[in-house]
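start10.txt (compact mmCIF, C-alpha atoms)
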```
# COMPACT_ATOMS: atom_id res chain seq x y z
CA MET A 11 -103.73 7.71 -2.99
CA ALA A 12 -103.43 10.41 -5.60
CA GLY A 13 -105.71 8.42 -7.89
CA VAL A 14 -108.42 8.19 -5.22
CA GLY A 15 -108.09 11.91 -4.56
CA PHE A 16 -108.49 12.67 -8.23
CA ARG A 17 -111.59 10.51 -8.45
CA ARG A 18 -113.20 12.20 -5.47
CA TRP A 19 -112.29 15.56 -6.87
CA ALA A 20 -113.87 14.68 -10.18
CA GLN A 21 -117.01 13.40 -8.39
CA ALA A 22 -117.23 16.53 -6.27
CA LEU A 23 -116.92 18.66 -9.37
CA SER A 24 -119.58 16.71 -11.19
CA LYS A 25 -121.94 16.88 -8.20
CA GLY A 26 -121.44 20.59 -8.21
CA LYS A 27 -120.92 21.05 -4.47
CA GLY A 28 -119.64 24.51 -3.98
CA SER A 29 -118.24 26.48 -6.85
CA GLY A 30 -114.86 26.75 -8.48
CA ILE A 31 -111.96 26.84 -6.06
CA SER A 32 -113.80 25.47 -3.05
CA ALA A 33 -114.74 22.38 -5.11
CA LEU A 34 -111.08 21.81 -5.90
CA LEU A 35 -110.22 22.19 -2.28
CA SER A 36 -112.79 19.68 -1.03
CA GLY A 37 -110.75 16.65 -2.14
CA CYS A 38 -109.82 13.93 0.38
CA ARG A 39 -106.72 13.84 2.53
CA ALA A 40 -104.44 10.94 3.45
CA ALA A 41 -105.21 9.19 6.72
CA SER A 42 -101.65 9.85 8.00
CA GLY A 43 -102.27 13.54 8.56
CA ALA A 44 -103.44 14.59 12.02
CA SER A 45 -106.74 16.36 12.34
CA LYS A 46 -106.82 19.63 14.23
CA ASP A 47 -108.14 18.02 17.39
CA GLY A 48 -105.50 15.29 17.16
CA LEU A 49 -102.61 17.64 17.96
CA PRO A 50 -101.11 17.84 21.46
CA GLY A 51 -102.72 20.29 23.82
CA PRO A 52 -102.04 21.85 27.23
CA TYR A 53 -101.20 19.82 30.31
CA PRO A 54 -104.34 17.96 31.53
CA THR A 55 -105.31 18.73 35.14
CA THR A 56 -108.81 17.26 35.67
CA PRO A 57 -109.57 13.55 35.24
CA ASP A 58 -111.89 14.47 32.34
CA GLU A 59 -109.06 16.17 30.53
CA LYS A 60 -106.87 13.17 31.23
CA ALA A 61 -109.47 10.79 29.80
CA ALA A 62 -109.88 12.96 26.72
CA ALA A 63 -106.14 13.13 26.21
CA ALA A 64 -105.82 9.35 26.59
CA LYS A 65 -108.51 8.84 23.98
CA LYS A 66 -106.82 11.28 21.67
CA TYR A 67 -103.59 9.32 21.83
CA ASN A 68 -105.32 5.94 21.51
CA MET A 69 -104.26 4.89 24.99
CA ARG A 70 -106.08 3.41 27.98
CA VAL A 71 -106.71 5.88 30.79
CA GLU A 72 -104.75 3.61 33.16
CA ASP A 73 -101.73 3.68 30.88
CA TYR A 74 -101.80 7.38 30.13
CA GLU A 75 -99.25 9.43 32.03
CA PRO A 76 -98.31 12.94 30.90
CA TYR A 77 -94.87 14.47 31.38
CA PRO A 78 -94.51 16.54 34.55
CA ASN A 79 -95.69 20.08 34.05
CA ASN A 80 -92.42 21.93 34.72
CA GLY A 81 -92.31 24.33 31.83
CA GLU A 82 -90.47 22.08 29.38
CA GLY A 83 -93.33 22.32 26.91
CA TYR A 84 -94.51 18.70 26.63
CA GLY A 85 -98.14 19.61 27.22
CA ASP A 86 -100.37 16.54 27.39
CA TYR A 87 -98.08 14.33 25.33
CA PRO A 88 -97.88 10.88 26.96
CA LYS A 89 -94.76 9.75 28.78
CA LEU A 90 -94.01 6.32 27.35
CA PRO A 91 -91.27 4.00 28.71
CA ASP A 92 -87.84 4.58 27.19
CA ARG A 93 -87.70 1.31 25.28
CA SER A 94 -86.28 1.25 21.79
CA GLN A 95 -87.85 -0.58 18.87
CA HIS A 96 -85.15 -3.28 19.15
CA GLU A 97 -86.97 -4.70 22.13
CA ARG A 98 -90.24 -5.29 20.30
CA ASP A 99 -91.21 -8.70 19.02
CA PRO A 100 -89.52 -9.27 15.65
CA TRP A 101 -91.94 -12.01 14.65
CA TYR A 102 -95.22 -10.19 15.21
CA GLN A 103 -96.89 -8.85 12.05
CA TRP A 104 -96.52 -5.14 12.64
CA ASP A 105 -98.23 -2.69 10.29
CA HIS A 106 -94.83 -1.06 9.74
CA PRO A 107 -92.40 -3.98 10.07
CA ASP A 108 -89.19 -1.96 9.96
CA LEU A 109 -90.47 0.46 12.58
CA ARG A 110 -92.12 -2.37 14.56
CA ARG A 111 -95.15 -0.19 15.10
CA ASN A 112 -98.86 -0.46 14.36
CA TRP A 113 -100.97 2.26 12.85
CA GLY A 114 -102.36 4.67 15.44
CA GLU A 115 -100.04 3.51 18.20
CA PRO A 116 -98.83 6.38 20.41
CA MET A 117 -95.28 7.34 19.42
CA HIS A 118 -92.58 7.96 21.99
CA TRP A 119 -91.38 11.56 22.22
CA ASN A 120 -87.94 10.35 21.09
CA PHE A 121 -89.27 7.80 18.61
CA ASP A 122 -86.79 8.89 15.94
CA MET A 123 -83.98 8.08 18.35
CA PHE A 124 -85.36 4.66 19.23
CA ILE A 125 -85.65 3.29 15.69
CA ARG A 126 -83.68 0.18 14.90
CA ASN A 127 -80.82 2.02 13.26
CA ARG A 128 -80.15 4.11 16.33
CA VAL A 129 -80.21 3.88 20.11
CA ASP A 130 -80.77 0.35 21.41
CA THR A 131 -82.03 -0.17 24.95
CA SER A 132 -82.03 -3.98 24.79
CA PRO A 133 -80.88 -5.68 27.96
CA SER A 134 -77.36 -7.08 27.92
CA PRO A 135 -77.00 -10.91 27.85
CA VAL A 136 -75.44 -10.96 31.34
CA SER A 137 -75.75 -8.45 34.14
CA TRP A 138 -73.60 -5.34 34.15
CA SER A 139 -71.63 -6.41 37.20
CA THR A 140 -70.77 -9.76 35.59
CA MET A 141 -69.61 -8.02 32.44
CA CYS A 142 -67.46 -5.59 34.38
CA LYS A 143 -65.92 -8.35 36.45
CA GLN A 144 -65.09 -10.43 33.41
CA LEU A 145 -63.58 -7.58 31.42
CA PHE A 146 -61.52 -6.04 34.19
CA GLY A 147 -60.60 -9.45 35.53
CA PHE A 148 -59.16 -10.40 32.18
CA ILE A 149 -57.35 -7.09 31.70
CA GLY A 150 -56.00 -7.20 35.23
CA PHE A 151 -54.77 -10.75 34.77
CA MET A 152 -53.04 -9.87 31.50
CA LEU A 153 -51.34 -6.84 33.04
CA PHE A 154 -50.20 -8.96 35.95
CA MET A 155 -48.75 -11.58 33.62
CA PHE A 156 -46.95 -8.91 31.58
CA TYR A 157 -45.46 -7.58 34.78
CA VAL A 158 -44.32 -11.07 35.77
CA GLY A 159 -42.83 -11.47 32.30
CA GLU A 160 -40.83 -8.29 32.76
CA LYS A 161 -39.46 -9.44 36.10
CA ILE A 162 -38.80 -13.07 35.09
CA PRO A 163 -38.09 -12.98 31.34
CA ALA A 164 -37.76 -16.07 29.18
CA TYR A 165 -34.70 -15.96 26.93
CA GLN A 166 -32.54 -18.19 24.79
CA PRO A 167 -29.21 -19.16 26.40
CA VAL A 168 -27.19 -16.98 24.02
CA ALA A 169 -25.12 -13.88 24.50
CA PRO A 170 -26.34 -10.65 22.87
CA LYS A 171 -25.52 -10.27 19.18
CA GLN A 172 -22.23 -8.56 18.38
CA TYR A 173 -22.12 -5.71 15.89
CA PRO A 174 -19.05 -4.15 14.23
CA TYR A 175 -17.86 -0.52 14.13
CA ASN A 176 -18.29 0.10 17.86
CA ASN A 177 -21.76 -1.40 17.92
CA LEU A 178 -22.77 0.57 14.78
CA TYR A 179 -22.14 3.88 16.55
CA LEU A 180 -22.45 6.08 13.46
CA GLU A 181 -25.28 4.08 11.91
CA ARG A 182 -27.36 4.47 15.06
CA GLY A 183 -27.05 8.23 14.82
CA GLY A 184 -23.98 8.82 16.96
CA ASP A 185 -22.18 12.17 16.77
CA PRO A 186 -19.30 11.88 14.25
CA GLU A 187 -17.25 14.48 16.18
CA LYS A 188 -17.27 12.57 19.44
CA GLN A 189 -15.15 9.51 20.14
CA PRO A 190 -17.39 6.48 20.65
CA GLU A 191 -16.75 3.98 23.39
CA GLU A 192 -14.52 1.18 22.09
CA VAL A 193 -16.26 -2.17 21.55
CA LYS A 194 -14.00 -5.08 20.66
CA ASN A 195 -15.53 -8.36 19.57
CA TYR A 196 -13.50 -11.55 19.62
CA GLU A 197 -13.90 -14.93 18.03
CA ILE A 198 -14.56 -17.90 20.26
CA MET B 17 -33.07 -26.26 19.55
CA GLY B 18 -31.18 -27.88 22.36
CA ALA B 19 -31.45 -29.19 25.87
CA HIS B 20 -34.22 -28.09 28.17
CA LEU B 21 -32.66 -25.48 30.41
CA GLY B 22 -35.73 -24.63 32.41
CA ARG B 23 -34.49 -26.40 35.52
CA ARG B 24 -31.23 -24.48 35.55
CA TYR B 25 -33.14 -21.26 35.12
CA VAL B 26 -35.10 -21.98 38.27
CA THR B 27 -32.53 -23.65 40.52
CA GLU B 28 -29.39 -21.67 39.72
CA THR B 29 -30.62 -18.10 39.50
CA GLY B 30 -27.36 -16.76 40.89
CA THR B 31 -25.05 -18.04 38.18
CA GLU B 32 -27.17 -17.89 35.03
CA PRO B 33 -26.03 -14.86 33.00
CA ASP B 34 -28.78 -12.28 32.93
CA PRO B 35 -29.48 -10.93 29.39
CA ALA B 36 -30.20 -7.52 30.84
CA ARG B 37 -26.76 -7.14 32.43
CA LYS B 38 -23.40 -6.81 30.77
CA TYR B 39 -20.98 -9.70 30.98
CA GLU B 40 -18.47 -8.88 33.65
CA PHE B 41 -15.44 -11.03 32.89
CA ASP B 42 -12.43 -9.90 30.92
CA PRO B 43 -12.66 -11.29 27.34
CA GLN B 44 -9.04 -12.43 27.43
CA PHE B 45 -9.36 -14.29 30.73
CA GLY B 46 -8.63 -17.97 30.24
CA PHE B 47 -7.36 -17.62 26.66
CA PRO B 48 -3.66 -17.55 25.73
CA GLU B 49 -4.58 -15.36 22.79
CA ARG B 50 -7.79 -14.36 21.09
CA ASN B 51 -8.38 -13.11 17.57
CA GLU B 52 -10.57 -10.16 16.91
CA ARG B 53 -13.53 -10.69 14.64
CA GLU B 54 -12.92 -9.41 11.20
CA MET B 55 -15.42 -7.15 9.50
CA VAL B 56 -15.15 -7.49 5.72
CA ALA B 57 -17.91 -5.24 4.39
CA SER B 58 -17.16 -1.54 4.83
CA GLN B 59 -19.59 0.97 6.24
CA GLU B 60 -19.82 2.67 2.88
CA GLN B 61 -20.74 -0.55 1.13
CA MET B 62 -23.44 -1.32 3.68
CA ASN B 63 -24.79 2.21 3.34
CA LEU B 64 -24.97 1.95 -0.44
CA ALA B 65 -26.86 -1.33 -0.14
CA GLN B 66 -29.21 0.30 2.40
CA LEU B 67 -29.00 -2.66 4.75
CA PRO B 68 -31.23 -2.47 7.82
CA LEU B 69 -29.31 -2.12 11.07
CA GLU B 70 -30.00 -5.66 12.27
CA GLN B 71 -28.34 -7.07 9.16
CA ARG B 72 -25.13 -5.00 9.47
CA ASP B 73 -23.34 -7.70 11.42
CA TYR B 74 -20.18 -9.71 10.80
CA CYS B 75 -21.86 -11.71 8.01
CA ALA B 76 -22.80 -8.67 5.94
CA GLN B 77 -20.33 -9.47 3.15
CA TYR B 78 -22.16 -12.72 2.38
CA LEU B 79 -25.47 -10.92 2.44
CA LEU B 80 -24.20 -8.32 -0.01
CA LYS B 81 -22.98 -11.08 -2.32
CA LEU B 82 -26.36 -12.77 -2.06
CA MET B 83 -28.24 -9.56 -2.84
CA LYS B 84 -26.06 -8.97 -5.89
CA CYS B 85 -26.61 -12.54 -7.09
CA LYS B 86 -30.37 -12.23 -6.67
CA ARG B 87 -30.49 -8.97 -8.53
CA ASP B 88 -28.40 -10.34 -11.37
CA ASN B 89 -30.42 -13.52 -11.73
CA TRP B 90 -33.96 -12.20 -11.41
CA PRO B 91 -36.54 -13.66 -12.32
CA ASN B 92 -34.79 -16.95 -11.62
CA PHE B 93 -35.43 -17.00 -7.89
CA LEU B 94 -33.86 -20.45 -7.51
CA ALA B 95 -30.46 -19.36 -8.71
CA CYS B 96 -28.59 -18.21 -5.61
CA LYS B 97 -28.50 -21.36 -3.52
CA HIS B 98 -24.76 -21.28 -2.99
CA GLU B 99 -24.64 -17.66 -1.85
CA ARG B 100 -27.64 -18.14 0.39
CA HIS B 101 -25.99 -21.15 1.95
CA ASP B 102 -22.80 -19.19 2.58
CA TRP B 103 -24.74 -16.44 4.33
CA ASP B 104 -26.80 -18.91 6.34
CA TYR B 105 -23.69 -20.78 7.42
CA CYS B 106 -22.02 -17.58 8.54
CA GLU B 107 -25.11 -16.63 10.56
CA HIS B 108 -25.18 -20.12 12.03
CA GLN B 109 -21.56 -19.83 13.12
CA ASP B 110 -22.35 -16.43 14.61
CA TYR B 111 -25.20 -17.95 16.61
CA VAL B 112 -22.98 -20.81 17.80
CA MET B 113 -20.44 -18.21 18.94
CA ARG B 114 -23.18 -16.47 20.90
CA MET B 115 -24.07 -19.76 22.56
CA LYS B 116 -20.44 -20.34 23.42
CA GLU B 117 -20.11 -16.85 24.89
CA TYR B 118 -23.12 -17.48 27.09
CA GLU B 119 -21.75 -20.80 28.23
CA ARG B 120 -18.35 -19.25 28.95
CA GLU B 121 -19.96 -16.58 31.06
CA ARG B 122 -22.01 -19.16 32.93
CA ARG B 123 -19.00 -21.35 33.71
CA LEU B 124 -16.99 -18.37 34.86
CA GLN B 125 -19.83 -17.45 37.19
CA LEU B 126 -19.89 -20.99 38.58
CA ARG B 127 -16.12 -20.87 39.01
CA LYS B 128 -16.39 -17.57 40.81
CA LYS B 129 -18.99 -19.05 43.12
CA ARG B 130 -16.78 -22.06 43.86
CA VAL B 131 -13.78 -19.85 44.55
CA GLU B 132 -15.78 -17.73 46.94
CA ALA B 133 -17.16 -20.81 48.70
CA GLN B 134 -13.61 -22.18 49.10
CA ALA B 135 -12.37 -18.85 50.41
CA GLU B 136 -15.14 -18.82 52.98
CA ALA B 137 -14.58 -22.42 53.97
CA ALA B 138 -10.86 -21.79 54.39
```

Give the structure from the file, written as structure tokens.
Amino acid sequence: MAGVGFRRWAQALSKGKGSGISALLSGCRAASGASKDGLPGPYPTTPDEKAAAAKKYNMRVEDYEPYPNNGEGYGDYPKLPDRSQHERDPWYQWDHPDLRRNWGEPMHWNFDMFIRNRVDTSPSPVSWSTMCKQLFGFIGFMLFMFYVGEKIPAYQPVAPKQYPYNNLYLERGGDPEKQPEEVKNYEI
Amino acid sequence: MGAHLGRRYVTETGTEPDPARKYEFDPQFGFPERNEREMVASQEQMNLAQLPLEQRDYCAQYLLKLMKCKRDNWPNFLACKHERHDWDYCEHQDYVMRMKEYERERRLQLRKKRVEAQAEAA
């Protein structure tokens, strides 16, 4: 790109169009830059303005729909559906494969949010209600079973373990001043 | 691990001792005399060895001997078989005593139930 610009610049200089600085300035620009009439404009009211705006954004007139004119400052920028780039065909040969976008395609207002590293609007594999039912059903069932386990515990048929020194009164942090309750353990 | 006690758990809910409740019968009841369990390791010794609370039971003296043997014989980790067996056997006897306590409690409950049934019948 820079090489082409340099060549053109050298050609312009050699042809002698203009003089000095203006010759330097008449080099070529990259195609990615917007021209002055490619920038967004005011909200379109007449059908002519709508058609012009649609053409500007490389859209069909039927598809073009501007944002509502309620002072939020969108102008004539098109209102595209809120679908993230995750939902686009991964196998199609896009011009920009990681962005899944072709050159000249109208960009969503929140395009930087909808790239594949960020917000994903893909549909879930099952419906929302099914997902909710499954998750809360499982959690509810587990809580119910834990409750049942508290009421009807399963235990080995053994007495609790016996500890010396009044059930380890001092070791468990008992007050040394107070008299602990006497625990006597016998052999059997 | 022993007989399947599931049926008893379901059919005799009144007399199976509940682990949540304290055992209600006098420890001396039914015995002409009973020895108290002897604690050999002192509290100071257990503190110095920094034993966790669950291991400060009536078999702690064997555990302390085992720990000393292991420390003396490192890196030979196969050396302390005798001490380990002593400790394991003590723990096993402790567990058998727990089983016996449970069974004693259960039979006393059954006896109590029988006595009450006889008193009602009479």

Contacts from chain B to chain A, 9 Å maximum, all atoms listed in the file: show me the residue list as an NGL selection string. :B and (21 or 32-33 or 35 or 39 or 43 or 50-55 or 59 or 63 or 69-70 or 72-74 or 110-119 or 121)

Would you mind exporting the chosen residues as a CSV table (one decimal), keeping the file's coordinate frame, restricted to C-alpha atoms?
```csv
chain,number,residue,atom,x,y,z
B,21,LEU,CA,-32.7,-25.5,30.4
B,32,GLU,CA,-27.2,-17.9,35.0
B,33,PRO,CA,-26.0,-14.9,33.0
B,35,PRO,CA,-29.5,-10.9,29.4
B,39,TYR,CA,-21.0,-9.7,31.0
B,43,PRO,CA,-12.7,-11.3,27.3
B,50,ARG,CA,-7.8,-14.4,21.1
B,51,ASN,CA,-8.4,-13.1,17.6
B,52,GLU,CA,-10.6,-10.2,16.9
B,53,ARG,CA,-13.5,-10.7,14.6
B,54,GLU,CA,-12.9,-9.4,11.2
B,55,MET,CA,-15.4,-7.2,9.5
B,59,GLN,CA,-19.6,1.0,6.2
B,63,ASN,CA,-24.8,2.2,3.3
B,69,LEU,CA,-29.3,-2.1,11.1
B,70,GLU,CA,-30.0,-5.7,12.3
B,72,ARG,CA,-25.1,-5.0,9.5
B,73,ASP,CA,-23.3,-7.7,11.4
B,74,TYR,CA,-20.2,-9.7,10.8
B,110,ASP,CA,-22.4,-16.4,14.6
B,111,TYR,CA,-25.2,-18.0,16.6
B,112,VAL,CA,-23.0,-20.8,17.8
B,113,MET,CA,-20.4,-18.2,18.9
B,114,ARG,CA,-23.2,-16.5,20.9
B,115,MET,CA,-24.1,-19.8,22.6
B,116,LYS,CA,-20.4,-20.3,23.4
B,117,GLU,CA,-20.1,-16.8,24.9
B,118,TYR,CA,-23.1,-17.5,27.1
B,119,GLU,CA,-21.8,-20.8,28.2
B,121,GLU,CA,-20.0,-16.6,31.1
```

Need the shell around Asn68 (chain A): protein/DNA/RNA residues with any atom at most 8 Å away, counting only C-alpha atoms. Skip same-chain ones fewer than 6 positions apart. Format as a tab-separated table (two decimals) with C-alpha atoms, keeping the file's coordinate frame?
```tsv
chain	number	residue	atom	x	y	z
A	114	GLY	CA	-102.36	4.67	15.44
A	115	GLU	CA	-100.04	3.51	18.20
A	116	PRO	CA	-98.83	6.38	20.41
```

Taking all atoms of region 49-56 of chain A that appear in the file, build a box with edges along x, y and z, extend it by 3 Å on every side, and state its centre and edge lengths in Å to one decimal, as lines of an AutoDock Vina configuration file.
```
center_x = -105.0
center_y = 19.6
center_z = 26.8
size_x = 13.7
size_y = 10.6
size_z = 23.7
```

If we count only C-alpha atoms and set the cut-off at 12 Å, which residues sit around His106 (chain A), ignoring sequence neighbours fewer than 5 positions away in its own chain? Please answer as a PyMOL selection string. chain A and resi 95+100+111-115+125

Asp104 (chain B): which residues within 12 Å, counting all atoms listed in the file, same-chain residues fewer than 3 positions away excluded, as a ChimeraX atom specification? /B:75-79,82,97-101,107-111

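Rounded to one decimal, CA of Asp73 (chain A) and CA of Tyr53 (chain A) lie 16.2 Å from each other.
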
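For the pair CA of Lys89 (chain A) and CA of Ser134 (chain A), the separation is 24.2 Å.
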
Rounded to one decimal in Å, what is the spacing between CA of Gly184 (chain A) and CA of Lys84 (chain B)? 29.0 Å
